Amino acid sequence: MPKGSNQKLKLYHLSRIMLELTDEDHYITMAQILEELARYDVTADRKSIYDDLAALEHLGLEVKGEAVGRSYHYHVVNKQFELAELKLLVDAIQSSKFITERKSHELIRKIEQFASRYEAQQLNRQVMVAGRVKTMNEKIYYNVDAIHAAINDNKQISFEYMNWNMKKELVPRREEPYVTSPWALAWDDENYYLIGYNANHQMINHYRVDKMRRIKVLNEKREGRAVFREFNPAKYAKSSFGMFGGEVTDVKLRCENSMIGVILDRFGKDIMIRPDGKDHFITNVEVSVSDQFFGWVFALGGMVQILSPADVVKKMKETVRRVQTAHA
């Protein structure tokens, strides 16, 4: 049998055929395998295919053959990703605000390579739940890479921080660049944030990564190591409502029992809960006191009450009065 022009790529093409055309519910016969290889100008006989399938198994691609009538049907088992896992990845990408629409489609196309063509159709149906607001900053991936490089090299960074104006344009918040010591990246409310240390103000601060421009890694070493030695990014994100900053304060809340799930989802299961009568409980939580925190309490319709400290209770009442005046 004369050899085709792509014999050296035989094993590669065979692996792609098995991955693309077979899964737990779709099979391919030996005759179909030979036909598909011929499309790539690869010739083979049955015996060599048996040897090649065994070689694929040594490479981590397990192919199973099952007798169906007088022939065998072959399909890949134990793929690197299950279909349910691929759907989960696709949905996470599609719903992520910080990934642009164009990049979302690029990533999903790459993920489809781990599925058969039949499974890929299901992934395409997942994409149709789009229509969510996405970032328009195509350079966010380079921003993340630059931030990681600075963290790994223990260096400060400078950058422009952008705001929207009334013309729907992103413009620098100020003329001079921001400088910070990057220590962590955090995910909150579907946005990516840089958490750093500002030496001039001696405080932790955070910035939306998709609003950062012209990031430069500086020669100066990072500052704030002592502050971040005990820093917990997850706890920081939980205490900052929508990542809006404010003075971190221990706040006592009185809540209706029906709010237990809301409280645990927001602050985690490590907080102390104690009953207060038959229908309520009391808990102490650390929060960054801000209008966003007050808005969260207000949105719960009186089922969560701030008990202390007194100055936070006072600010809550002032916020409610301000809202009432605005809608009078």
# chains A, B, ... in the order shown; residues from 1 in each chain; ligands from 1
$ residues_around --residues "stretch 249-256 of chain A" --least-positions-apart "2" --cutoff "10 Å" --atoms "only C-alpha atoms" --output "short mmCIF file (atom, residue, chain, number, x, y, z; two decimals) with C-alpha atoms, in the first residue's frame"
data_model
loop_
_atom_site.label_atom_id
_atom_site.label_comp_id
_atom_site.auth_asym_id
_atom_site.auth_seq_id
_atom_site.Cartn_x
_atom_site.Cartn_y
_atom_site.Cartn_z
CA SER A 239 -15.92 43.28 54.20
CA GLY A 246 -14.41 52.61 53.95
CA GLU A 247 -13.19 52.32 57.49
CA SER A 258 -34.93 33.97 57.45
CA MET A 259 -31.83 36.05 56.75
CA ILE A 260 -29.37 33.39 57.94
CA ILE A 263 -25.67 36.59 56.10
CA ARG A 274 -26.43 33.78 68.71
CA PRO A 275 -30.23 33.62 69.03
CA ASP A 276 -32.14 36.74 70.06
CA LYS A 278 -37.52 33.06 68.84
CA ASP A 279 -37.44 34.92 65.50
CA HIS A 280 -34.11 36.76 65.42
CA PHE A 281 -30.37 36.29 65.80
CA ILE A 282 -27.45 38.63 66.43
CA THR A 283 -24.05 38.57 64.78
CA ASN A 284 -20.92 40.72 64.71
CA VAL A 285 -19.23 41.24 61.33
CA GLU A 286 -16.37 43.33 60.01
CA VAL A 287 -17.39 45.65 57.17
CA SER A 288 -16.02 48.66 55.32
CA VAL A 289 -18.61 51.25 56.31
CA VAL A 297 -28.88 46.75 54.58
CA LEU A 300 -33.12 43.75 52.87
CA GLY A 302 -35.88 45.98 57.53
CA MET A 303 -35.07 42.32 58.14
CA VAL A 304 -31.49 43.32 59.08
CA GLN A 305 -30.94 46.04 61.68
CA ILE A 306 -27.68 47.75 62.66
CA LEU A 307 -27.40 47.81 66.46
CA SER A 308 -23.91 49.27 66.96
CA PRO A 309 -21.60 51.11 66.99
CA ALA A 310 -23.62 54.28 67.49
CA VAL A 312 -22.59 53.66 62.17
CA VAL A 313 -26.27 53.66 63.22
#
$ closest_residue --among "A:Ile151, A:Ile108, A:Val323, A:Ala226" --to "A:Leu88" --atoms "only C-alpha atoms"
A:Ile108
$ atom_distance --atom1 "atom CA of A:Val77" --atom2 "atom CA of A:Val63"
6.0 Å
$ residues_around --residues "stretch 213-220 of chain A" --least-positions-apart "5" --cutoff "9 Å" --atoms "only C-alpha atoms" --output "PyMOL selection string"
chain A and resi 139-140+143+146-147+149-150+154-162+172
$ write_last_selection --atoms "C-alpha atoms" --output "mmCIF file, in the first residue's frame"
data_model
loop_
_atom_site.group_PDB
_atom_site.id
_atom_site.type_symbol
_atom_site.label_atom_id
_atom_site.label_comp_id
_atom_site.auth_asym_id
_atom_site.auth_seq_id
_atom_site.Cartn_x
_atom_site.Cartn_y
_atom_site.Cartn_z
ATOM 1 C CA LYS A 139 -5.660 44.941 27.217
ATOM 2 C CA ILE A 140 -6.870 43.562 30.544
ATOM 3 C CA ASN A 143 -2.603 44.177 32.701
ATOM 4 C CA ALA A 146 2.139 42.857 34.194
ATOM 5 C CA ILE A 147 0.712 42.843 37.732
ATOM 6 C CA ALA A 149 5.238 40.040 36.991
ATOM 7 C CA ALA A 150 5.531 42.905 39.482
ATOM 8 C CA ASN A 154 8.658 42.288 44.365
ATOM 9 C CA LYS A 155 8.359 45.619 42.505
ATOM 10 C CA GLN A 156 6.004 48.611 42.634
ATOM 11 C CA ILE A 157 3.947 49.657 39.628
ATOM 12 C CA SER A 158 2.663 52.898 38.176
ATOM 13 C CA PHE A 159 -0.449 53.260 36.030
ATOM 14 C CA GLU A 160 -3.212 55.524 34.813
ATOM 15 C CA TYR A 161 -6.593 54.953 36.434
ATOM 16 C CA MET A 162 -9.573 55.665 34.211
ATOM 17 C CA PRO A 172 -7.620 59.425 33.293
#
$ atom_distance --atom1 "atom CA of A:Ala38" --atom2 "atom CA of A:His58"
24.1 Å
$ select_by_dssp --residues "stretch 58-217 of chain A" --states "strand (DSSP E)" --output "VMD selection string"
chain A and resid 62 to 68 71 to 77 155 to 164 170 to 172 178 to 188 191 to 198 203 to 208 212 to 217
$ select_by_dssp --residues "stretch 136-327 of chain A" --states "alpha helix (DSSP H)" --output "ChimeraX atom specification"
/A:140-153,225-228,233-239,260-267,291-299,310-326
$ closest_residue --among "A:Phe293, A:Phe114, A:Trp164, A:Trp183" --to "A:Ile204" --atoms "only C-alpha atoms"
A:Trp183
